[in-house]
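Working notes, structure below.
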Amino acid sequence: MRAFATALGGLLAMLFALAAAAADVTVFAAASLKESMDAQARAFEAATGNKVIVVYGGSNTLARQIEAAAPADVFVSADLDWMDYLHTRRLVAPGTRVELLRNTLVLVAPAASAVTLRIEPGMALAAALGGGKLVMANPASVPAGKYAKGALEKLGVWASVEARVARSENVRAALALVARGEAPLGIVYRTDALAEKGVKVVGAFPPESYAPIVYPAAVVADSKSPAARPLLAYLRSAAARSTWTQFGFAPAGE
Amino acid sequence: MIDVDVAQRLGTFDLAAKFSADAPIVGLFGRSGAGKSSVINAIAGISRPAHGRIVINGTVLFDSAAGIDVPPEARRVGCVFQDPLLFPHLDVEGNLLYGLRRRAAPERVIEPARVVDLLGLEPLLRRGVRHLSGGEKQRVAIGRALLAQPRILLMDEPLAALDVPRKSEVLDYVLRLRDDLGIPILYVSHSVPEITRLADTVVVMSEGKCLAAGEIDIVMGRLDLKPATGRYEAGALIDTRVASHDAAHDLTTLEFDGGVLVVPALDARPGDRVRARIRARDVSIALERPAGISILNILPGTVTAIEAETGPIVDVSIAIGRAALTARITRRSVEGLELRVGQPMYALIKAVSFDRRSVGYA
Amino acid sequence: MAYFGPEIPGILALSLKVALVSVLVSLPLAVGVAYVLARASFPGKTLLDAIVHLPLVLPPVVVGFALLLLFGRRGPLGSVLESWFGIVVAFRWTGAALASAIMGFPLMVRAIRLSIEAIDRRLETAARTLGGSRGFVFASITLPLALPGIITGALLSFARGLGEFGATITFVSNIPGETQTLPLAIYTYTQTPGGDAAALGMSLIAVALSIAALAVSEWLTRRATRASGP
């Protein structure tokens with residue numbers, strides 16, 4: 001028994017040592033930024049030696065957590081609403097808010113799917129679904145879902161498919177479902193479709209059918225990290241721009 | 001010296017036990033459910049009486065009026081129960097030393113070596129308690145209680161769960177304790193042979209009350225206590241001394257104040273004190289000394305009391321010198337012989353009716 | 001098929017740290033609560049029993065949400081903890097440990113309570129007549145005899161803590177290196193394009209850990225039972 005207790009103590013000490021050390025700057029970023037932000041973070045670390053940790057999730061979830069005093073230094077949201085949400089609550093460091101990126105909305109299907117559909121008002125979306133579900137991020141709160149629902153409403157087909165919508169917690173969850181073939185169709189960002197080999201784009205939603213997808217970024221008001229502002233500056237820099245474009249984003253302001 | 005005066009509501013009846021007793025071994029006797037264990041629990045501090053007073057050897061353990069209630073761990077009252085309650089996760093030695101370790105060095109008067117020797121525990125010390133025999137377990141329990149340095153030992157039916165040979169074995173050890181250690185013992189039992197073998201003073205309980213307390217041969221012989229002492233066990237105890245042996249016939253003669261008793265041969269030396277128990281049903285009455293009869297014990301005496309009873313059987317108290325006997329005979333015979341109090345008569349007891357359990361060292 | 005990446009040791013270490021700390025911290029309390037439920041009787045005992053079992057029947061997300069309300073930095077308990085003791089649990093591994101501790105608590109208490117109830121109370125009484133105070137009897141008789149149940153309870157809670165997800169992600173979110181335990185990492189990888197192989201690899205590790213925990217529990221329990229008699 002005593003030997004067991006000693007082993008336990010040693011294990012604990014080892015675990016405390018192994019578990020990661022604190023980061024220099026923590027970024028809360030919309031789920032759709034996964035690969036691109038990871039690349040930017042690694043570049044920033046290499047350039048400045050500051051350690052970066054990125055937490056991904058639906059922008060709604062992240063905003064709420066920041067409101068609950070989560071240790072975020074920089075917030076990149078997938079829509080303006082959630083940045084406004086924090087702004088009104090004075091949770092954004094004044095003068096740091098910028099528009100960082102733009103994105104577009106697409107309809108995707110599993111890579112092996114034979115579905116073809118022209119995206120236009122009154123399209124036969126319900127028929128194209130067959131017996132399956134249309135997946136998207138939760139239209140009640142997640143930016144990608146809000147854009148998706150808005151586009152379908154503008155095209156006049158929301159009512160025909162509303163009952164067949166499967167709502168996921170963030171856009172990447174929706175993407176994964178389509179990639180696995182669990183759903184015949186899904187609505188995600190173009191950048192997501194580019195990142196996932198398991199889906200193909202069926203068509204792009206006409207830009208006039210949804211509000212411009214803008215990714216605002218800001219330093220969080222309570223942040224104590226001296227690397228926060230430099231990171232945000234980096235994300236807007238020319239060096240970062242090529243990476244964003246590589247992943248399919250358009251820098252804001254273009 | 002044991003002074004007890006406790007009152008408590010217990011389920012179906014009220015305990016109202018009051019007695020004082022002093023002896024090396026005080027027996028607490030009564031039928032099952034008479035309240036004996038409740039008295040033990042109150043003395044040990046396991047249960048708390050509604051009100052009363054308990055004093056052991058001058059130390060007040062409980063006094064409701066004065067607000068004194070010593071917690072069990074401070075009472076120095078050793079307990080041995082029918083179930084040995086040995087601690088299964090400790091070996092025999094661990095069990096024995098459990099209480100001793102709680103005592104400061106100067107208090108450790110009763111030493112392990114002595115107790116181990118007294119109870120024959122040496123070969124058992126390293127063993128786990130699971131596979132000990134009933135008798136061995138009980139001896140360990142007794143040793144454990146002793147090593148906790150008690151000022152009194154309470155034994156609550158310690159032999160009840162043992163078979164006859166083990167009972168006898170442990171009983172012998174208890175007697176050794178009395179002789180060797182000098183700690184007073186309060187011994188609870190509903191078994192007459194046990195009580196009569198061990199105790200000098202007995203307290204008789206029935207339905208929560210103490211009916212009598214006194215020297216054992218007197219109390220056990222009292223007819224008015226029969227409901228408490230148990231009808232079928234009625235009998236008498238006579239203190240005797242070994243007078244001589246009849247080697248040719250394997251018989252022993254015992255002397256007492258009132259005559260002699262002839263019994264099957266005892267392993268005793270002349271002059272040893274021996275207590276003989278005579279069951280009432282083994283005693284017959286004759287108005288004249290009978291002749292040509294096989295019964296060896298024919299004792300002249302006087303009728304001192306005749307129980308008023310309906311039913312076929314009557315108990316008659318007889319005085320033989322200063323000793324008291326009870327004879328159990330039919331009512332028809334009582335009427336036929338016209339027995340009266342004060343009548344001279346002869347008590348007849350077959351030598352054969354004395355067995356191993358009836359005669360023991362006092 | 002399954003992929004085992006370089007980030008796994010860190011995630012594993014964090015998961016083990018969170019689960020171990022949660023068990024060690026909650027064990028004394030669980031023993032105390034189990035003892036009270038097993039031995040004492042008082043008004044409100046049923047209520048205490050119900051509260052202890054709540055995490056077992058509530059959706060974990062509800063527990064996580066309640067934790068956020070109470071222990072978040074702006075919550076009543078969280079703000080006190082921070083201003084008086086300088087301890088922050090929200091969005092920290094300590095919060096993940098707290099979530100695991102709460103979710104595993106009913107399992108721990110149940111197992112310990114059962115084994116305490118199985119102890120013959122008269123043994124404790126006998127120990128008291130031998131001179132043991134209540135505390136000494138508890139430590140020398142009750143605890144050793146309850147050891148099999150304590151071990152089982154601790155390991156059940158540990159295994160539960162390793163797999164804790166809903167309350168953790170709701171309360172402390174999914175911060176890599178800080179609160180991203182094994183289940184949360186698996187969850188993240190299922191949402192990462194091409195992450196299935198990594199998710200599978202980590203799932204296999206989770207299964208292996210659970211089996212190991214159960215095996216150790218069996219072995220320790222058998223040893224403890226042997227030592228404490230019938």
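FYI, nothing fancy with the structure tokens labels: chains A, B, ... in order, residues from 1 per chain, ligands from 1 as they appear.
Using only C-alpha atoms, the residues found no farther than 10 Å from B:Met155, other than those of its own chain fewer than 6 positions away, are B:Gly27, B:Leu28, B:Ser37, B:Ile40, B:Gly78, B:Cys79, B:Val80, B:Phe81, B:Gln82, B:Ile142, B:Ala145, B:Val174, B:Ile185, B:Leu186, B:Tyr187, B:Val188, B:Ser189.
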Keeping only N, CA and C atoms, write those residues as a JSON list (two decimals), in the first residue's frame.
[["chain", "number", "residue", "atom", "x", "y", "z"],
["B", 27, "GLY", "N", -22.93, -12.67, 39.75],
["B", 27, "GLY", "CA", -23.72, -13.18, 38.65],
["B", 27, "GLY", "C", -24.94, -12.31, 38.44],
["B", 28, "LEU", "N", -25.28, -12.06, 37.19],
["B", 28, "LEU", "CA", -26.51, -11.34, 36.88],
["B", 28, "LEU", "C", -27.37, -12.34, 36.11],
["B", 37, "SER", "N", -28.76, -7.61, 29.64],
["B", 37, "SER", "CA", -27.84, -6.96, 28.71],
["B", 37, "SER", "C", -27.98, -5.45, 28.76],
["B", 40, "ILE", "N", -25.83, -4.21, 31.46],
["B", 40, "ILE", "CA", -24.43, -4.23, 31.03],
["B", 40, "ILE", "C", -24.13, -3.04, 30.11],
["B", 78, "GLY", "N", -14.20, -3.33, 31.10],
["B", 78, "GLY", "CA", -13.91, -4.31, 30.06],
["B", 78, "GLY", "C", -15.16, -5.09, 29.70],
["B", 79, "CYS", "N", -15.36, -5.33, 28.42],
["B", 79, "CYS", "CA", -16.58, -6.03, 27.99],
["B", 79, "CYS", "C", -16.24, -7.27, 27.19],
["B", 80, "VAL", "N", -16.91, -8.36, 27.52],
["B", 80, "VAL", "CA", -16.83, -9.55, 26.68],
["B", 80, "VAL", "C", -18.26, -9.97, 26.37],
["B", 81, "PHE", "N", -18.58, -10.05, 25.10],
["B", 81, "PHE", "CA", -19.95, -10.36, 24.71],
["B", 81, "PHE", "C", -20.06, -11.77, 24.18],
["B", 82, "GLN", "N", -21.29, -12.18, 23.90],
["B", 82, "GLN", "CA", -21.51, -13.50, 23.35],
["B", 82, "GLN", "C", -20.76, -13.65, 22.03],
["B", 142, "ILE", "N", -11.47, -12.14, 25.73],
["B", 142, "ILE", "CA", -11.27, -11.90, 27.16],
["B", 142, "ILE", "C", -9.90, -11.25, 27.39],
["B", 145, "ALA", "N", -9.94, -7.63, 26.42],
["B", 145, "ALA", "CA", -10.62, -6.78, 27.40],
["B", 145, "ALA", "C", -9.75, -6.56, 28.63],
["B", 174, "VAL", "N", -12.08, -18.52, 33.00],
["B", 174, "VAL", "CA", -12.68, -17.42, 33.74],
["B", 174, "VAL", "C", -12.40, -17.57, 35.24],
["B", 185, "ILE", "N", -15.69, -9.29, 38.50],
["B", 185, "ILE", "CA", -16.36, -9.68, 37.27],
["B", 185, "ILE", "C", -17.86, -9.66, 37.49],
["B", 186, "LEU", "N", -18.56, -9.04, 36.55],
["B", 186, "LEU", "CA", -20.03, -9.10, 36.54],
["B", 186, "LEU", "C", -20.41, -10.02, 35.40],
["B", 187, "TYR", "N", -20.97, -11.16, 35.74],
["B", 187, "TYR", "CA", -21.16, -12.23, 34.76],
["B", 187, "TYR", "C", -22.65, -12.42, 34.50],
["B", 188, "VAL", "N", -23.05, -12.19, 33.26],
["B", 188, "VAL", "CA", -24.45, -12.30, 32.90],
["B", 188, "VAL", "C", -24.71, -13.64, 32.26],
["B", 189, "SER", "N", -25.75, -14.30, 32.69],
["B", 189, "SER", "CA", -26.10, -15.55, 32.03],
["B", 189, "SER", "C", -27.55, -15.91, 32.34]]
Show me, as a tab-separated table, the residues of chain B having an atom within 7 Å of chain C, each with the closest atom pair and its distance in Å, using only C-alpha atoms.
residue	atom	partner	partner_atom	distance
B:Ala44	CA	C:Thr129	CA	6.8
B:Pro72	CA	C:Thr129	CA	5.4
B:Glu73	CA	C:Gly131	CA	3.9
B:Ala74	CA	C:Gly131	CA	6.2
B:Val77	CA	C:Thr129	CA	6.6
B:Gly78	CA	C:Thr129	CA	6.5
B:Cys79	CA	C:Thr129	CA	6.7
B:Leu85	CA	C:Leu123	CA	5.7
B:Phe87	CA	C:Leu123	CA	6.8
B:Pro88	CA	C:Gly229	CA	4.7
B:His89	CA	C:Ser228	CA	3.9
B:Gly99	CA	C:Leu130	CA	4.8
B:Arg102	CA	C:Gly131	CA	6.1
B:Arg130	CA	C:Gly229	CA	6.5
B:Ala145	CA	C:Leu130	CA	6.5
B:Ala148	CA	C:Leu130	CA	5.6
Which polymer residues have any atom within 12 Å of an atom of B:Val303, counting only C-alpha atoms, with same-chain residues fewer than 3 positions away left out, as an mmCIF file with N, CA and C atoms, in the first residue's frame?
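To be explicit, this is the file written out as around_14.cif:
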data_model
loop_
_atom_site.group_PDB
_atom_site.id
_atom_site.type_symbol
_atom_site.label_atom_id
_atom_site.label_comp_id
_atom_site.auth_asym_id
_atom_site.auth_seq_id
_atom_site.Cartn_x
_atom_site.Cartn_y
_atom_site.Cartn_z
ATOM 1 N N ILE B 285 -39.116 -37.360 48.981
ATOM 2 C CA ILE B 285 -39.382 -37.183 50.428
ATOM 3 C C ILE B 285 -39.961 -38.467 51.018
ATOM 4 N N ALA B 286 -39.427 -38.806 52.188
ATOM 5 C CA ALA B 286 -40.023 -39.935 52.926
ATOM 6 C C ALA B 286 -40.278 -39.486 54.366
ATOM 7 N N LEU B 287 -41.371 -39.925 54.964
ATOM 8 C CA LEU B 287 -41.663 -39.549 56.353
ATOM 9 C C LEU B 287 -40.858 -40.374 57.343
ATOM 10 N N PRO B 300 -31.863 -36.436 56.943
ATOM 11 C CA PRO B 300 -32.972 -35.961 57.786
ATOM 12 C C PRO B 300 -33.064 -34.450 57.740
ATOM 13 N N ILE B 306 -44.013 -24.937 51.668
ATOM 14 C CA ILE B 306 -44.669 -25.714 50.612
ATOM 15 C C ILE B 306 -45.277 -24.714 49.635
ATOM 16 N N GLU B 307 -44.874 -24.791 48.387
ATOM 17 C CA GLU B 307 -45.355 -23.852 47.376
ATOM 18 C C GLU B 307 -46.834 -24.066 47.136
ATOM 19 N N ASP B 315 -43.346 -27.666 44.578
ATOM 20 C CA ASP B 315 -41.976 -27.603 45.110
ATOM 21 C C ASP B 315 -42.031 -27.415 46.613
ATOM 22 N N VAL B 316 -41.270 -28.241 47.320
ATOM 23 C CA VAL B 316 -41.251 -28.191 48.785
ATOM 24 C C VAL B 316 -39.852 -27.799 49.241
ATOM 25 N N SER B 317 -39.738 -26.755 50.060
ATOM 26 C CA SER B 317 -38.429 -26.354 50.590
ATOM 27 C C SER B 317 -38.127 -27.121 51.846
ATOM 28 N N ILE B 318 -36.864 -27.558 51.932
ATOM 29 C CA ILE B 318 -36.458 -28.395 53.074
ATOM 30 C C ILE B 318 -35.184 -27.819 53.657
ATOM 31 N N ALA B 319 -35.085 -27.817 54.975
ATOM 32 C CA ALA B 319 -33.834 -27.426 55.618
ATOM 33 C C ALA B 319 -33.106 -28.679 56.060
ATOM 34 N N ILE B 320 -31.860 -28.802 55.639
ATOM 35 C CA ILE B 320 -31.011 -29.907 56.094
ATOM 36 C C ILE B 320 -29.879 -29.245 56.866
ATOM 37 N N GLY B 321 -29.994 -29.235 58.173
ATOM 38 C CA GLY B 321 -29.022 -28.473 58.944
ATOM 39 C C GLY B 321 -29.145 -27.017 58.513
ATOM 40 N N ALA B 324 -30.149 -25.534 52.466
ATOM 41 C CA ALA B 324 -31.535 -25.571 52.001
ATOM 42 C C ALA B 324 -31.621 -26.423 50.758
ATOM 43 N N LEU B 325 -32.680 -27.222 50.681
ATOM 44 C CA LEU B 325 -32.920 -28.058 49.519
ATOM 45 C C LEU B 325 -34.327 -27.800 49.012
ATOM 46 N N THR B 326 -34.570 -28.134 47.748
ATOM 47 C CA THR B 326 -35.936 -28.118 47.257
ATOM 48 C C THR B 326 -36.263 -29.499 46.721
ATOM 49 N N ALA B 327 -37.454 -29.987 47.043
ATOM 50 C CA ALA B 327 -37.893 -31.257 46.481
ATOM 51 C C ALA B 327 -39.102 -31.011 45.610
ATOM 52 N N VAL B 334 -48.053 -34.695 48.248
ATOM 53 C CA VAL B 334 -48.101 -33.722 49.349
ATOM 54 C C VAL B 334 -49.335 -33.954 50.188
ATOM 55 N N GLU B 338 -49.655 -35.745 53.865
ATOM 56 C CA GLU B 338 -50.094 -34.695 54.783
ATOM 57 C C GLU B 338 -48.904 -33.848 55.242
ATOM 58 N N LEU B 339 -48.120 -33.423 54.245
ATOM 59 C CA LEU B 339 -46.949 -32.615 54.570
ATOM 60 C C LEU B 339 -47.362 -31.256 55.084
ATOM 61 N N ARG B 340 -46.652 -30.849 56.180
ATOM 62 C CA ARG B 340 -46.928 -29.530 56.741
ATOM 63 C C ARG B 340 -45.615 -28.833 56.985
ATOM 64 N N VAL B 341 -45.661 -27.529 57.033
ATOM 65 C CA VAL B 341 -44.445 -26.784 57.377
ATOM 66 C C VAL B 341 -44.024 -27.160 58.780
ATOM 67 N N GLY B 342 -42.743 -27.420 58.924
ATOM 68 C CA GLY B 342 -42.218 -27.776 60.247
ATOM 69 C C GLY B 342 -42.118 -29.282 60.444
ATOM 70 N N GLN B 343 -42.649 -30.004 59.473
ATOM 71 C CA GLN B 343 -42.662 -31.467 59.658
ATOM 72 C C GLN B 343 -41.284 -32.070 59.475
ATOM 73 N N PRO B 344 -40.832 -32.906 60.376
ATOM 74 C CA PRO B 344 -39.558 -33.615 60.164
ATOM 75 C C PRO B 344 -39.749 -34.718 59.114
ATOM 76 N N MET B 345 -38.728 -34.878 58.260
ATOM 77 C CA MET B 345 -38.817 -35.864 57.197
ATOM 78 C C MET B 345 -37.429 -36.201 56.711
ATOM 79 N N TYR B 346 -37.349 -37.021 55.705
ATOM 80 C CA TYR B 346 -36.052 -37.374 55.125
ATOM 81 C C TYR B 346 -36.038 -36.971 53.653
ATOM 82 N N ALA B 347 -34.947 -36.378 53.213
ATOM 83 C CA ALA B 347 -34.768 -36.066 51.786
ATOM 84 C C ALA B 347 -33.955 -37.180 51.158
#
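We find atom CA of A:Pro94 and atom CA of C:Leu69 to be spaced 27.5 Å apart.
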Within 10 Å of chain A, which residues of chain C come that close, and what is the closest atom pair and distance in Å for each? Count only C-alpha atoms and give it as CSV.
residue,atom,partner,partner_atom,distance
C:Pro9,CA,A:Leu18,CA,8.0
C:Gly10,CA,A:Ala19,CA,5.6
C:Ile11,CA,A:Ala19,CA,7.6
C:Leu12,CA,A:Ala19,CA,8.7
C:Ala13,CA,A:Leu15,CA,5.2
C:Leu14,CA,A:Ala19,CA,5.4
C:Ser15,CA,A:Ala19,CA,9.2
C:Leu16,CA,A:Leu15,CA,7.3
C:Lys17,CA,A:Leu15,CA,5.8
C:Val18,CA,A:Leu15,CA,9.4
C:Leu20,CA,A:Leu12,CA,7.5
C:Val21,CA,A:Leu12,CA,8.3
C:Leu68,CA,A:Ala68,CA,8.1
C:Leu69,CA,A:Ala68,CA,9.0
C:Gly72,CA,A:Ala68,CA,6.4
C:Arg73,CA,A:Ala69,CA,6.3
C:Arg74,CA,A:Ala68,CA,6.7
C:Gly75,CA,A:Ala68,CA,8.8
C:Ala90,CA,A:Ala70,CA,7.2
C:Phe91,CA,A:Ala70,CA,6.0
C:Arg92,CA,A:Pro71,CA,9.0
C:Trp93,CA,A:Ala19,CA,9.9
C:Thr170,CA,A:Gln65,CA,9.2
C:Phe171,CA,A:Gln65,CA,9.0
C:Val172,CA,A:Ala70,CA,8.3
C:Ser173,CA,A:Gln65,CA,7.8
C:Asn174,CA,A:Val55,CA,6.6
C:Ile175,CA,A:Val55,CA,5.5
C:Pro176,CA,A:Val55,CA,6.8
C:Gly177,CA,A:Ala20,CA,5.1
C:Glu178,CA,A:Ala20,CA,7.0
C:Gln180,CA,A:Val55,CA,9.7
C:Tyr187,CA,A:Ala173,CA,9.8
C:Thr188,CA,A:Tyr56,CA,8.8
C:Tyr189,CA,A:Ala176,CA,10.0
C:Thr190,CA,A:Ala176,CA,7.2
C:Gln191,CA,A:Ala173,CA,5.1
C:Thr192,CA,A:Arg172,CA,6.9
C:Pro193,CA,A:Glu196,CA,5.1
C:Gly194,CA,A:Glu196,CA,7.2
C:Gly195,CA,A:Ala176,CA,9.5
C:Asp196,CA,A:Ala176,CA,9.6
C:Leu220,CA,A:Met1,CA,8.6
C:Arg223,CA,A:Met1,CA,9.2
C:Ala224,CA,A:Met1,CA,9.1
Once you have the residues from the selection above, write them out as a tab-separated table (two decimals), in the first residue's frame, restricted to N, CA and C atoms.
chain	number	residue	atom	x	y	z
C	9	PRO	N	1.04	13.23	-25.40
C	9	PRO	CA	1.52	13.19	-24.02
C	9	PRO	C	1.03	14.36	-23.19
C	10	GLY	N	1.04	15.56	-23.79
C	10	GLY	CA	0.59	16.73	-23.04
C	10	GLY	C	-0.88	16.62	-22.66
C	11	ILE	N	-1.71	16.19	-23.62
C	11	ILE	CA	-3.14	16.06	-23.34
C	11	ILE	C	-3.38	14.99	-22.29
C	12	LEU	N	-2.67	13.88	-22.43
C	12	LEU	CA	-2.80	12.78	-21.48
C	12	LEU	C	-2.40	13.22	-20.09
C	13	ALA	N	-1.24	13.95	-20.03
C	13	ALA	CA	-0.78	14.41	-18.73
C	13	ALA	C	-1.82	15.31	-18.08
C	14	LEU	N	-2.39	16.20	-18.88
C	14	LEU	CA	-3.41	17.10	-18.33
C	14	LEU	C	-4.62	16.32	-17.83
C	15	SER	N	-5.08	15.37	-18.63
C	15	SER	CA	-6.24	14.57	-18.22
C	15	SER	C	-5.97	13.83	-16.92
C	16	LEU	N	-4.79	13.19	-16.84
C	16	LEU	CA	-4.46	12.43	-15.64
C	16	LEU	C	-4.34	13.37	-14.44
C	17	LYS	N	-3.72	14.52	-14.66
C	17	LYS	CA	-3.56	15.48	-13.57
C	17	LYS	C	-4.93	15.91	-13.06
C	18	VAL	N	-5.81	16.29	-13.98
C	18	VAL	CA	-7.15	16.74	-13.59
C	18	VAL	C	-7.89	15.64	-12.83
C	20	LEU	N	-6.70	12.90	-11.25
C	20	LEU	CA	-6.06	12.57	-9.98
C	20	LEU	C	-6.35	13.61	-8.92
C	21	VAL	N	-6.16	14.88	-9.28
C	21	VAL	CA	-6.40	15.94	-8.32
C	21	VAL	C	-7.87	15.93	-7.87
C	68	LEU	N	-20.54	27.39	-13.70
C	68	LEU	CA	-20.18	28.68	-14.29
C	68	LEU	C	-20.86	29.82	-13.54
C	69	LEU	N	-22.12	29.62	-13.23
C	69	LEU	CA	-22.86	30.65	-12.51
C	69	LEU	C	-22.25	30.91	-11.12
C	72	GLY	N	-17.82	31.06	-11.68
C	72	GLY	CA	-17.24	31.97	-12.66
C	72	GLY	C	-16.68	33.18	-11.93
C	73	ARG	N	-15.78	33.87	-12.55
C	73	ARG	CA	-15.12	34.98	-11.86
C	73	ARG	C	-16.11	36.03	-11.42
C	74	ARG	N	-17.23	36.13	-12.10
C	74	ARG	CA	-18.21	37.10	-11.66
C	74	ARG	C	-19.29	36.45	-10.79
C	75	GLY	N	-19.16	35.14	-10.53
C	75	GLY	CA	-20.16	34.45	-9.75
C	75	GLY	C	-19.92	34.63	-8.25
C	90	ALA	N	-12.44	29.18	-12.96
C	90	ALA	CA	-13.05	29.25	-14.29
C	90	ALA	C	-11.97	29.28	-15.36
C	91	PHE	N	-12.15	28.48	-16.38
C	91	PHE	CA	-11.23	28.41	-17.52
C	91	PHE	C	-9.84	27.97	-17.12
C	92	ARG	N	-9.72	27.30	-15.99
C	92	ARG	CA	-8.44	26.76	-15.55
C	92	ARG	C	-8.58	25.25	-15.34
C	93	TRP	N	-7.42	24.60	-15.32
C	93	TRP	CA	-7.47	23.16	-15.10
C	93	TRP	C	-8.05	22.85	-13.73
C	170	THR	N	-18.52	23.12	-20.68
C	170	THR	CA	-19.41	24.23	-20.40
C	170	THR	C	-18.80	25.19	-19.39
C	171	PHE	N	-18.10	24.63	-18.40
C	171	PHE	CA	-17.58	25.45	-17.31
C	171	PHE	C	-16.23	26.08	-17.64
C	172	VAL	N	-15.30	25.29	-18.14
C	172	VAL	CA	-13.95	25.80	-18.32
C	172	VAL	C	-13.53	25.88	-19.78
C	173	SER	N	-14.44	25.57	-20.67
C	173	SER	CA	-14.21	25.67	-22.12
C	173	SER	C	-13.05	24.79	-22.58
C	174	ASN	N	-12.67	24.95	-23.82
C	174	ASN	CA	-11.81	23.97	-24.48
C	174	ASN	C	-10.46	24.61	-24.81
C	175	ILE	N	-9.69	24.92	-23.78
C	175	ILE	CA	-8.44	25.65	-23.97
C	175	ILE	C	-7.28	24.67	-24.04
C	176	PRO	N	-6.64	24.57	-25.19
C	176	PRO	CA	-5.55	23.60	-25.32
C	176	PRO	C	-4.46	23.87	-24.29
C	177	GLY	N	-4.01	22.82	-23.65
C	177	GLY	CA	-2.93	22.95	-22.68
C	177	GLY	C	-3.43	23.34	-21.30
C	178	GLU	N	-4.62	23.86	-21.20
C	178	GLU	CA	-5.11	24.28	-19.89
C	178	GLU	C	-6.31	23.44	-19.46
C	180	GLN	N	-8.06	21.40	-22.06
C	180	GLN	CA	-8.43	20.44	-23.10
C	180	GLN	C	-7.99	19.04	-22.69
C	187	TYR	N	-13.10	15.40	-29.09
C	187	TYR	CA	-14.21	16.17	-29.65
C	187	TYR	C	-13.70	17.18	-30.67
C	188	THR	N	-12.62	17.88	-30.33
C	188	THR	CA	-12.07	18.88	-31.25
C	188	THR	C	-11.62	18.23	-32.55
C	189	TYR	N	-10.96	17.07	-32.43
C	189	TYR	CA	-10.46	16.42	-33.63
C	189	TYR	C	-11.57	15.89	-34.52
C	190	THR	N	-12.71	15.55	-33.90
C	190	THR	CA	-13.82	15.11	-34.77
C	190	THR	C	-14.34	16.25	-35.60
C	191	GLN	N	-14.04	17.48	-35.22
C	191	GLN	CA	-14.51	18.63	-36.01
C	191	GLN	C	-13.41	19.22	-36.86
C	192	THR	N	-12.26	18.57	-36.86
C	192	THR	CA	-11.17	19.08	-37.67
C	192	THR	C	-11.09	18.26	-38.96
C	193	PRO	N	-11.06	18.94	-40.09
C	193	PRO	CA	-10.95	18.16	-41.33
C	193	PRO	C	-9.73	17.26	-41.26
C	194	GLY	N	-9.90	15.98	-41.58
C	194	GLY	CA	-8.76	15.06	-41.55
C	194	GLY	C	-8.36	14.66	-40.14
C	195	GLY	N	-9.19	15.00	-39.16
C	195	GLY	CA	-8.81	14.73	-37.78
C	195	GLY	C	-9.28	13.39	-37.27
C	196	ASP	N	-9.97	12.62	-38.10
C	196	ASP	CA	-10.56	11.37	-37.61
C	196	ASP	C	-9.51	10.39	-37.09
C	220	LEU	N	-6.46	-3.81	-6.23
C	220	LEU	CA	-6.36	-3.17	-4.93
C	220	LEU	C	-7.49	-3.64	-4.01
C	223	ARG	N	-6.77	-7.06	-2.65
C	223	ARG	CA	-5.74	-7.03	-1.63
C	223	ARG	C	-6.30	-6.50	-0.32
C	224	ALA	N	-7.10	-5.43	-0.41
C	224	ALA	CA	-7.64	-4.83	0.81
C	224	ALA	C	-8.63	-5.77	1.47
Give me, as a count of residues only, the residues of stretch 133-238 of chain A that a backbone DSSP run labels strand (DSSP E or B). 27
In stretch 33-250 of chain B, DSSP helix (DSSP H, G or I) residues written as an MDAnalysis selection string: chainID B and resid 36:44 72:74 92:100 105:107 112:119 122:124 134:147 164:181 192:198 216:221 223:229 231:233
Would you tabulate, counting only C-alpha atoms, all residues of stretch 101-155 of chain A that have an atom at most 8 Å from an atom of stretch 214-225 of chain A, showing the closest pair of atoms and their distance in Å to one decimal, sorted by chain then ascending number, as CSV?
residue,atom,partner,partner_atom,distance
A:Leu101,CA,A:Tyr215,CA,5.0
A:Arg102,CA,A:Val214,CA,4.8
A:Asn103,CA,A:Val214,CA,6.8
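The nearest approach to A:Pro110 among the residues A:Thr88, A:Gly186, A:Thr48, A:Ala93, with only C-alpha atoms taken into account, belongs to A:Gly186.
With only C-alpha atoms as the atoms that count, the minimum distance from C:Leu37 to the choices C:Trp84, C:Ser22, C:Arg110, C:Leu54 is reached by C:Arg110.
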I'd like the contact shell of B:Leu175 - 12 Å cut-off, only C-alpha atoms, skipping same-chain residues fewer than 5 positions apart - returned as number ranges by chain. B: 24-25, 118-119, 168-170, 180-185, 187, 194-195, 197-200, 360-362
Atom CA of C:Met202 to atom CA of A:Ala63, straight-line distance in Å: 28.8 Å
Spatial neighbours of stretch 124-126 of chain A, max dist 9 Å, only C-alpha atoms, sep filter under 4 positions, as an NGL selection string: :A and (117-119 or 130-131 or 134 or 157 or 160-161 or 164)
Just the residues within 12 Å of B:Leu100, please, counting only C-alpha atoms, with nothing from its chain fewer than 2 positions along; format it as a ChimeraX atom specification. /B:76,78,93-98,102-112,115,143-150 /C:127,129-132
